[in-house]
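Novice: Here you go, run-v1.pdb (PDB, C-alpha atoms and all ligand atoms):
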ATOM      1  CA  MET A  20      40.198  23.284  40.381  1.00  0.00           C
ATOM      2  CA  SER A  21      39.915  22.969  36.606  1.00  0.00           C
ATOM      3  CA  ARG A  22      41.688  20.091  34.865  1.00  0.00           C
ATOM      4  CA  LEU A  23      43.968  22.649  33.203  1.00  0.00           C
ATOM      5  CA  ASP A  24      45.044  24.050  36.571  1.00  0.00           C
ATOM      6  CA  SER A  25      45.478  20.524  37.865  1.00  0.00           C
ATOM      7  CA  ALA A  26      47.659  19.548  34.866  1.00  0.00           C
ATOM      8  CA  ILE A  27      49.826  22.660  35.307  1.00  0.00           C
ATOM      9  CA  ARG A  28      50.395  21.859  38.985  1.00  0.00           C
ATOM     10  CA  ARG A  29      51.184  18.219  38.219  1.00  0.00           C
ATOM     11  CA  LEU A  30      53.731  19.143  35.540  1.00  0.00           C
ATOM     12  CA  THR A  31      55.323  21.744  37.820  1.00  0.00           C
ATOM     13  CA  ALA A  32      55.529  19.155  40.584  1.00  0.00           C
ATOM     14  CA  GLN A  33      57.039  16.644  38.153  1.00  0.00           C
ATOM     15  CA  ARG A  34      59.745  19.086  37.051  1.00  0.00           C
ATOM     16  CA  ASP A  35      60.537  20.138  40.635  1.00  0.00           C
ATOM     17  CA  CYS A  36      60.697  16.536  41.881  1.00  0.00           C
ATOM     18  CA  LEU A  37      63.024  15.520  39.052  1.00  0.00           C
ATOM     19  CA  ALA A  38      65.323  18.454  39.816  1.00  0.00           C
ATOM     20  CA  ALA A  39      65.359  17.656  43.533  1.00  0.00           C
ATOM     21  CA  ALA A  40      65.979  13.956  42.926  1.00  0.00           C
ATOM     22  CA  LEU A  41      68.802  14.621  40.506  1.00  0.00           C
ATOM     23  CA  GLU A  42      70.605  16.742  43.122  1.00  0.00           C
ATOM     24  CA  THR A  43      71.028  13.713  45.387  1.00  0.00           C
ATOM     25  CA  ALA A  44      70.957  10.834  42.899  1.00  0.00           C
ATOM     26  CA  PRO A  45      73.973   8.520  43.033  1.00  0.00           C
ATOM     27  CA  ALA A  46      76.091   7.720  39.979  1.00  0.00           C
ATOM     28  CA  GLY A  47      74.339   5.768  37.251  1.00  0.00           C
ATOM     29  CA  ALA A  48      71.979   5.974  34.318  1.00  0.00           C
ATOM     30  CA  LEU A  49      68.564   7.595  34.065  1.00  0.00           C
ATOM     31  CA  LEU A  50      65.454   5.744  32.950  1.00  0.00           C
ATOM     32  CA  GLU A  51      62.288   7.274  31.523  1.00  0.00           C
ATOM     33  CA  ILE A  52      59.373   4.815  31.728  1.00  0.00           C
ATOM     34  CA  GLY A  53      56.798   6.136  29.277  1.00  0.00           C
ATOM     35  CA  LEU A  54      58.277   8.268  26.491  1.00  0.00           C
ATOM     36  CA  GLY A  55      55.001   9.637  25.111  1.00  0.00           C
ATOM     37  CA  ASN A  56      55.586  12.860  23.268  1.00  0.00           C
ATOM     38  CA  GLY A  57      59.108  13.017  24.681  1.00  0.00           C
ATOM     39  CA  ARG A  58      58.719  16.176  26.776  1.00  0.00           C
ATOM     40  CA  THR A  59      60.209  14.693  29.917  1.00  0.00           C
ATOM     41  CA  TYR A  60      62.936  12.864  28.009  1.00  0.00           C
ATOM     42  CA  ASP A  61      63.908  16.177  26.412  1.00  0.00           C
ATOM     43  CA  HIS A  62      63.994  17.794  29.853  1.00  0.00           C
ATOM     44  CA  LEU A  63      66.066  14.994  31.364  1.00  0.00           C
ATOM     45  CA  ARG A  64      68.717  15.224  28.700  1.00  0.00           C
ATOM     46  CA  GLU A  65      68.886  18.964  29.368  1.00  0.00           C
ATOM     47  CA  ILE A  66      69.317  18.654  33.150  1.00  0.00           C
ATOM     48  CA  ALA A  67      71.458  15.485  33.078  1.00  0.00           C
ATOM     49  CA  ALA A  68      73.459  15.910  29.906  1.00  0.00           C
ATOM     50  CA  THR A  69      76.341  13.652  30.950  1.00  0.00           C
ATOM     51  CA  ARG A  70      74.265  10.611  31.950  1.00  0.00           C
ATOM     52  CA  ASP A  71      72.979   7.752  29.826  1.00  0.00           C
ATOM     53  CA  ILE A  72      69.183   7.989  29.538  1.00  0.00           C
ATOM     54  CA  TRP A  73      67.291   4.783  28.772  1.00  0.00           C
ATOM     55  CA  VAL A  74      63.702   5.051  27.583  1.00  0.00           C
ATOM     56  CA  ILE A  75      60.837   2.560  27.530  1.00  0.00           C
ATOM     57  CA  ASP A  76      57.536   2.778  25.666  1.00  0.00           C
ATOM     58  CA  ARG A  77      55.349   0.380  23.756  1.00  0.00           C
ATOM     59  CA  GLU A  78      55.128   2.948  20.943  1.00  0.00           C
ATOM     60  CA  MET A  79      57.323   5.591  19.339  1.00  0.00           C
ATOM     61  CA  ASN A  80      55.205   8.736  19.316  1.00  0.00           C
ATOM     62  CA  ALA A  81      57.832  11.264  20.322  1.00  0.00           C
ATOM     63  CA  HIS A  82      58.215  14.544  18.520  1.00  0.00           C
ATOM     64  CA  PRO A  83      61.194  14.112  16.154  1.00  0.00           C
ATOM     65  CA  SER A  84      63.204  16.653  18.151  1.00  0.00           C
ATOM     66  CA  SER A  85      62.674  14.634  21.351  1.00  0.00           C
ATOM     67  CA  ALA A  86      63.265  11.081  20.168  1.00  0.00           C
ATOM     68  CA  PRO A  87      66.013   9.175  22.007  1.00  0.00           C
ATOM     69  CA  PRO A  88      68.802   7.454  20.065  1.00  0.00           C
ATOM     70  CA  SER A  89      67.583   4.034  18.943  1.00  0.00           C
ATOM     71  CA  ALA A  90      70.294   2.314  21.021  1.00  0.00           C
ATOM     72  CA  PHE A  91      68.700   3.687  24.210  1.00  0.00           C
ATOM     73  CA  PHE A  92      65.022   3.165  23.266  1.00  0.00           C
ATOM     74  CA  LEU A  93      63.418  -0.109  24.342  1.00  0.00           C
ATOM     75  CA  GLN A  94      60.124  -0.540  22.518  1.00  0.00           C
ATOM     76  CA  GLY A  95      57.626  -2.946  24.036  1.00  0.00           C
ATOM     77  CA  GLU A  96      55.576  -3.650  27.137  1.00  0.00           C
ATOM     78  CA  ALA A  97      57.071  -2.139  30.263  1.00  0.00           C
ATOM     79  CA  GLU A  98      57.568  -5.358  32.226  1.00  0.00           C
ATOM     80  CA  ALA A  99      59.426  -7.100  29.399  1.00  0.00           C
ATOM     81  CA  MET A 100      61.480  -4.001  28.590  1.00  0.00           C
ATOM     82  CA  LEU A 101      62.493  -3.493  32.228  1.00  0.00           C
ATOM     83  CA  ASP A 102      63.767  -7.052  32.268  1.00  0.00           C
ATOM     84  CA  ASP A 103      65.497  -6.496  28.936  1.00  0.00           C
ATOM     85  CA  LEU A 104      67.245  -3.467  30.437  1.00  0.00           C
ATOM     86  CA  PHE A 105      68.286  -5.458  33.511  1.00  0.00           C
ATOM     87  CA  GLY A 106      69.922  -7.941  31.126  1.00  0.00           C
ATOM     88  CA  ARG A 107      71.882  -5.084  29.556  1.00  0.00           C
ATOM     89  CA  ILE A 108      72.972  -2.949  32.527  1.00  0.00           C
ATOM     90  CA  GLY A 109      71.943  -4.872  35.649  1.00  0.00           C
ATOM     91  CA  GLN A 110      71.590  -2.707  38.746  1.00  0.00           C
ATOM     92  CA  GLY A 111      72.640   0.434  36.903  1.00  0.00           C
ATOM     93  CA  VAL A 112      69.837   2.988  37.178  1.00  0.00           C
ATOM     94  CA  ALA A 113      70.361   5.938  39.530  1.00  0.00           C
ATOM     95  CA  LEU A 114      67.123   7.755  38.786  1.00  0.00           C
ATOM     96  CA  ALA A 115      63.984   6.428  37.133  1.00  0.00           C
ATOM     97  CA  HIS A 116      60.943   8.460  36.177  1.00  0.00           C
ATOM     98  CA  TYR A 117      57.675   6.537  35.973  1.00  0.00           C
ATOM     99  CA  ASP A 118      54.937   8.100  33.855  1.00  0.00           C
ATOM    100  CA  LEU A 119      52.575   5.251  32.966  1.00  0.00           C
ATOM    101  CA  GLY A 120      48.898   5.087  33.828  1.00  0.00           C
ATOM    102  CA  VAL A 121      45.596   6.609  32.852  1.00  0.00           C
ATOM    103  CA  GLY A 122      44.734   8.444  36.049  1.00  0.00           C
ATOM    104  CA  VAL A 123      42.266   5.784  37.194  1.00  0.00           C
ATOM    105  CA  PRO A 124      43.325   4.025  40.427  1.00  0.00           C
ATOM    106  CA  GLU A 125      41.682   0.707  39.442  1.00  0.00           C
ATOM    107  CA  HIS A 126      44.059   0.572  36.469  1.00  0.00           C
ATOM    108  CA  ASP A 127      47.112   2.387  37.788  1.00  0.00           C
ATOM    109  CA  VAL A 128      47.583   0.836  41.246  1.00  0.00           C
ATOM    110  CA  PRO A 129      47.785  -2.784  39.989  1.00  0.00           C
ATOM    111  CA  LEU A 130      50.104  -1.713  37.157  1.00  0.00           C
ATOM    112  CA  ARG A 131      52.512  -0.074  39.613  1.00  0.00           C
ATOM    113  CA  ALA A 132      52.343  -3.142  41.855  1.00  0.00           C
ATOM    114  CA  ALA A 133      53.128  -5.425  38.922  1.00  0.00           C
ATOM    115  CA  LEU A 134      56.125  -3.349  37.841  1.00  0.00           C
ATOM    116  CA  ALA A 135      57.579  -2.408  41.249  1.00  0.00           C
ATOM    117  CA  GLU A 136      59.965  -5.343  41.552  1.00  0.00           C
ATOM    118  CA  HIS A 137      61.083  -5.054  37.922  1.00  0.00           C
ATOM    119  CA  ILE A 138      61.955  -1.387  38.480  1.00  0.00           C
ATOM    120  CA  GLY A 139      63.404  -1.877  41.956  1.00  0.00           C
ATOM    121  CA  ARG A 140      66.050  -4.374  40.913  1.00  0.00           C
ATOM    122  CA  LEU A 141      67.380  -1.924  38.317  1.00  0.00           C
ATOM    123  CA  LEU A 142      68.041   0.783  40.917  1.00  0.00           C
ATOM    124  CA  VAL A 143      71.513   1.177  42.379  1.00  0.00           C
ATOM    125  CA  PRO A 144      71.639   1.388  46.205  1.00  0.00           C
ATOM    126  CA  GLY A 145      70.165   4.760  47.104  1.00  0.00           C
ATOM    127  CA  GLY A 146      68.705   5.070  43.610  1.00  0.00           C
ATOM    128  CA  LEU A 147      65.535   7.140  43.232  1.00  0.00           C
ATOM    129  CA  LEU A 148      62.179   6.582  41.577  1.00  0.00           C
ATOM    130  CA  VAL A 149      60.186   9.708  40.765  1.00  0.00           C
ATOM    131  CA  ALA A 150      56.631   8.752  39.905  1.00  0.00           C
ATOM    132  CA  ASN A 151      53.163  10.027  39.144  1.00  0.00           C
ATOM    133  CA  GLY A 152      51.779   7.635  41.761  1.00  0.00           C
ATOM    134  CA  ALA A 153      52.830   6.004  45.017  1.00  0.00           C
ATOM    135  CA  PHE A 154      54.696   2.697  44.930  1.00  0.00           C
ATOM    136  CA  GLU A 155      53.505   0.684  47.928  1.00  0.00           C
ATOM    137  CA  GLY A 156      56.310  -0.620  50.109  1.00  0.00           C
ATOM    138  CA  MET A 157      58.968   1.800  48.846  1.00  0.00           C
ATOM    139  CA  GLU A 158      60.350   4.538  51.067  1.00  0.00           C
ATOM    140  CA  GLN A 159      58.935   7.945  50.156  1.00  0.00           C
ATOM    141  CA  LEU A 160      61.185  11.000  50.458  1.00  0.00           C
ATOM    142  CA  PRO A 161      60.031  14.519  51.357  1.00  0.00           C
ATOM    143  CA  LEU A 162      58.835  16.590  48.429  1.00  0.00           C
ATOM    144  CA  PRO A 163      60.439  19.869  47.373  1.00  0.00           C
ATOM    145  CA  GLU A 164      58.971  23.061  48.724  1.00  0.00           C
ATOM    146  CA  GLY A 165      55.762  24.035  46.949  1.00  0.00           C
ATOM    147  CA  VAL A 166      54.817  20.510  45.869  1.00  0.00           C
ATOM    148  CA  ALA A 167      51.606  19.419  47.562  1.00  0.00           C
ATOM    149  CA  GLU A 168      51.504  16.050  49.288  1.00  0.00           C
ATOM    150  CA  GLY A 169      50.207  13.370  46.911  1.00  0.00           C
ATOM    151  CA  ARG A 170      50.744  15.343  43.716  1.00  0.00           C
ATOM    152  CA  TYR A 171      54.002  13.598  42.784  1.00  0.00           C
ATOM    153  CA  PHE A 172      56.249  11.080  44.533  1.00  0.00           C
ATOM    154  CA  ILE A 173      59.966  10.526  45.145  1.00  0.00           C
ATOM    155  CA  HIS A 174      60.921   7.024  46.317  1.00  0.00           C
ATOM    156  CA  ARG A 175      64.295   5.656  47.405  1.00  0.00           C
ATOM    157  CA  ALA A 176      65.475   2.117  46.694  1.00  0.00           C
TER     158      ALA A 176
HETATM  159  C1  LIG B   1      51.658   9.877  29.735  1.00  0.00           C
HETATM  160  S1  LIG B   1      52.580   9.211  28.426  1.00  0.00           S
HETATM  161  C2  LIG B   1      54.219   9.633  28.894  1.00  0.00           C
HETATM  162  C3  LIG B   1      54.515  11.103  28.785  1.00  0.00           C
HETATM  163  C4  LIG B   1      55.983  11.443  28.828  1.00  0.00           C
HETATM  164  N1  LIG B   1      56.613  11.020  30.069  1.00  0.00           N
HETATM  165  C5  LIG B   1      56.200  12.927  28.605  1.00  0.00           C
HETATM  166  O1  LIG B   1      56.497  13.650  29.558  1.00  0.00           O
HETATM  167  O2  LIG B   1      56.057  13.372  27.458  1.00  0.00           O
HETATM  168  C6  LIG B   1      52.542   7.495  28.763  1.00  0.00           C
HETATM  169  C7  LIG B   1      53.246   6.629  27.751  1.00  0.00           C
HETATM  170  O3  LIG B   1      53.381   5.344  28.326  1.00  0.00           O
HETATM  171  C8  LIG B   1      53.187   4.355  27.334  1.00  0.00           C
HETATM  172  N2  LIG B   1      52.690   3.167  28.036  1.00  0.00           N
HETATM  173  C9  LIG B   1      51.570   3.052  28.797  1.00  0.00           C
HETATM  174  N3  LIG B   1      51.474   1.841  29.340  1.00  0.00           N
HETATM  175  C10 LIG B   1      52.573   1.144  28.923  1.00  0.00           C
HETATM  176  C11 LIG B   1      53.057  -0.176  29.163  1.00  0.00           C
HETATM  177  N4  LIG B   1      52.374  -1.045  29.953  1.00  0.00           N
HETATM  178  N5  LIG B   1      54.212  -0.560  28.594  1.00  0.00           N
HETATM  179  C12 LIG B   1      54.908   0.312  27.795  1.00  0.00           C
HETATM  180  N6  LIG B   1      54.503   1.579  27.548  1.00  0.00           N
HETATM  181  C13 LIG B   1      53.352   1.984  28.100  1.00  0.00           C
HETATM  182  C14 LIG B   1      52.194   4.953  26.357  1.00  0.00           C
HETATM  183  O4  LIG B   1      52.417   4.409  25.067  1.00  0.00           O
HETATM  184  C15 LIG B   1      52.515   6.440  26.451  1.00  0.00           C
HETATM  185  O5  LIG B   1      53.355   6.841  25.377  1.00  0.00           O
END
Represent the structure contained in this file as structure tokens.
Ligand SMILES: C[S@@+](CC[C@H](N)C(=O)[O-])C[C@H]1O[C@@H](n2cnc3c(N)ncnc32)[C@H](O)[C@@H]1O
Specialist:
Amino acid sequence: MSRLDSAIRRLTAQRDCLAAALETAPAGALLEIGLGNGRTYDHLREIAATRDIWVIDREMNAHPSSAPPSAFFLQGEAEAMLDDLFGRIGQGVALAHYDLGVGVPEHDVPLRAALAEHIGRLLVPGGLLVANGAFEGMEQLPLPEGVAEGRYFIHRA
């Protein structure tokens, strides 16, 4: 499979997993971990217009049309910003989307392990973590129809 085909399938899986997770997510805020260009943030605010959406990134590189309000953007390293958010809202996140990593397991697996507890304590009971990689030790939920095993992940707190 070409990298283009692979990217298309991953993005489709990401969109479908976010939609499925939102259907069952409890009350609470959303959290986008890794703003990047802002594509997913823009999608989240479209499908969850009534919820607060917090966003973390070490840089602001979003397209101007997809930049979150400054009051909801936490700029800095993920671990510190997750703890900053916990200080603001405590256990208040119903659905988090994790999109950090470079696609290399030697880098990405330890990063997820280092951040797991910092994300987990933000999640309300039954809160969901949709991620581009598996978080060891967290319960994984079934994927929506059409999403291949291992392409994207939905975890429950
Ligand atoms: C793949 S991009 C996110 C794409 C975005 N979710 C979207 O759909 O447009 C990853 C982003 O994570 C940020 N990032 C990577 N590692 C980080 C870390 N340890 N702390 C904070 N931000 C980080 C990068 O600056 C980059 O903007």
Novice: As AutoDock Vina command-line options, what would the box around region 121-126 of chain A look like: edges along x, y and z, 4 Å added on every side, centre and edge lengths in Å to one decimal?
Specialist:
--center_x 43.6 --center_y 4.5 --center_z 36.6 --size_x 11.9 --size_y 15.9 --size_z 15.6
Novice: For region 168-172 of chain A, please output as a PyMOL selection string all residues within 9 Å (counting all atoms listed in the file; exclusion window: fewer than 2 positions along the same chain).
Specialist: chain A and resi 28-29+32-33+36+148-154+159-162+166+174
Novice: Can you write just those residues out, C-alpha atoms, as a compact mmCIF listing (two decimals), in the coordinates of the input?
Specialist:
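Result went into result-v4.txt, see below:
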# COMPACT_ATOMS: atom_id res chain seq x y z
CA ARG A 28 50.40 21.86 38.98
CA ARG A 29 51.18 18.22 38.22
CA ALA A 32 55.53 19.16 40.58
CA GLN A 33 57.04 16.64 38.15
CA CYS A 36 60.70 16.54 41.88
CA LEU A 148 62.18 6.58 41.58
CA VAL A 149 60.19 9.71 40.76
CA ALA A 150 56.63 8.75 39.90
CA ASN A 151 53.16 10.03 39.14
CA GLY A 152 51.78 7.64 41.76
CA ALA A 153 52.83 6.00 45.02
CA PHE A 154 54.70 2.70 44.93
CA GLN A 159 58.94 7.94 50.16
CA LEU A 160 61.18 11.00 50.46
CA PRO A 161 60.03 14.52 51.36
CA LEU A 162 58.84 16.59 48.43
CA VAL A 166 54.82 20.51 45.87
CA HIS A 174 60.92 7.02 46.32
Novice: Output the neighbourhood of ligand LIG 1 (chain B) as an MDAnalysis selection string, that is, all protein and nucleic acid residues with some atom at most 8 Å from the ligand, counting all atoms listed in the file.
Specialist: chainID A and resid 51:60 75:81 94:98 100 116:121 130
Novice: Please identify all polymer residues lying at most 7 Å from the point (72.1, 13.3, 48.7) (file coordinates), using only C-alpha atoms, and present the result as number ranges by chain.
Specialist: A: 42-44
Novice: With all atoms listed in the file as the basis for distance, which of A:Ala133, A:Leu141, A:Gly146, A:Pro163 is at the shortest distance from Gly106 (chain A)?
Specialist: A:Leu141
Novice: Considering only C-alpha atoms, state which residue in the set A:His82, A:Asp24, A:Ala68, A:Glu155 is at the smallest distance from Val128 (chain A).
Specialist: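 Going through A:His82, A:Asp24, A:Ala68, A:Glu155 one by one, the smallest distance to Val128 (chain A) is for A:Glu155.
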Novice: Using only C-alpha atoms, which residue out of A:Ala176, A:Ala99, A:Val74, A:Ala26 lies closest to Leu147 (chain A)?
Specialist: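 Of A:Ala176, A:Ala99, A:Val74, A:Ala26, the one nearest Leu147 (chain A), counting only C-alpha atoms, is A:Ala176.
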Novice: Between A:Leu41, A:Pro144, A:Asp35, A:Arg107, which residue has the minimum interatomic distance to Ala90 (chain A), considering all atoms listed in the file?
Specialist: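 Closest residue, counting all atoms listed in the file: A:Arg107.
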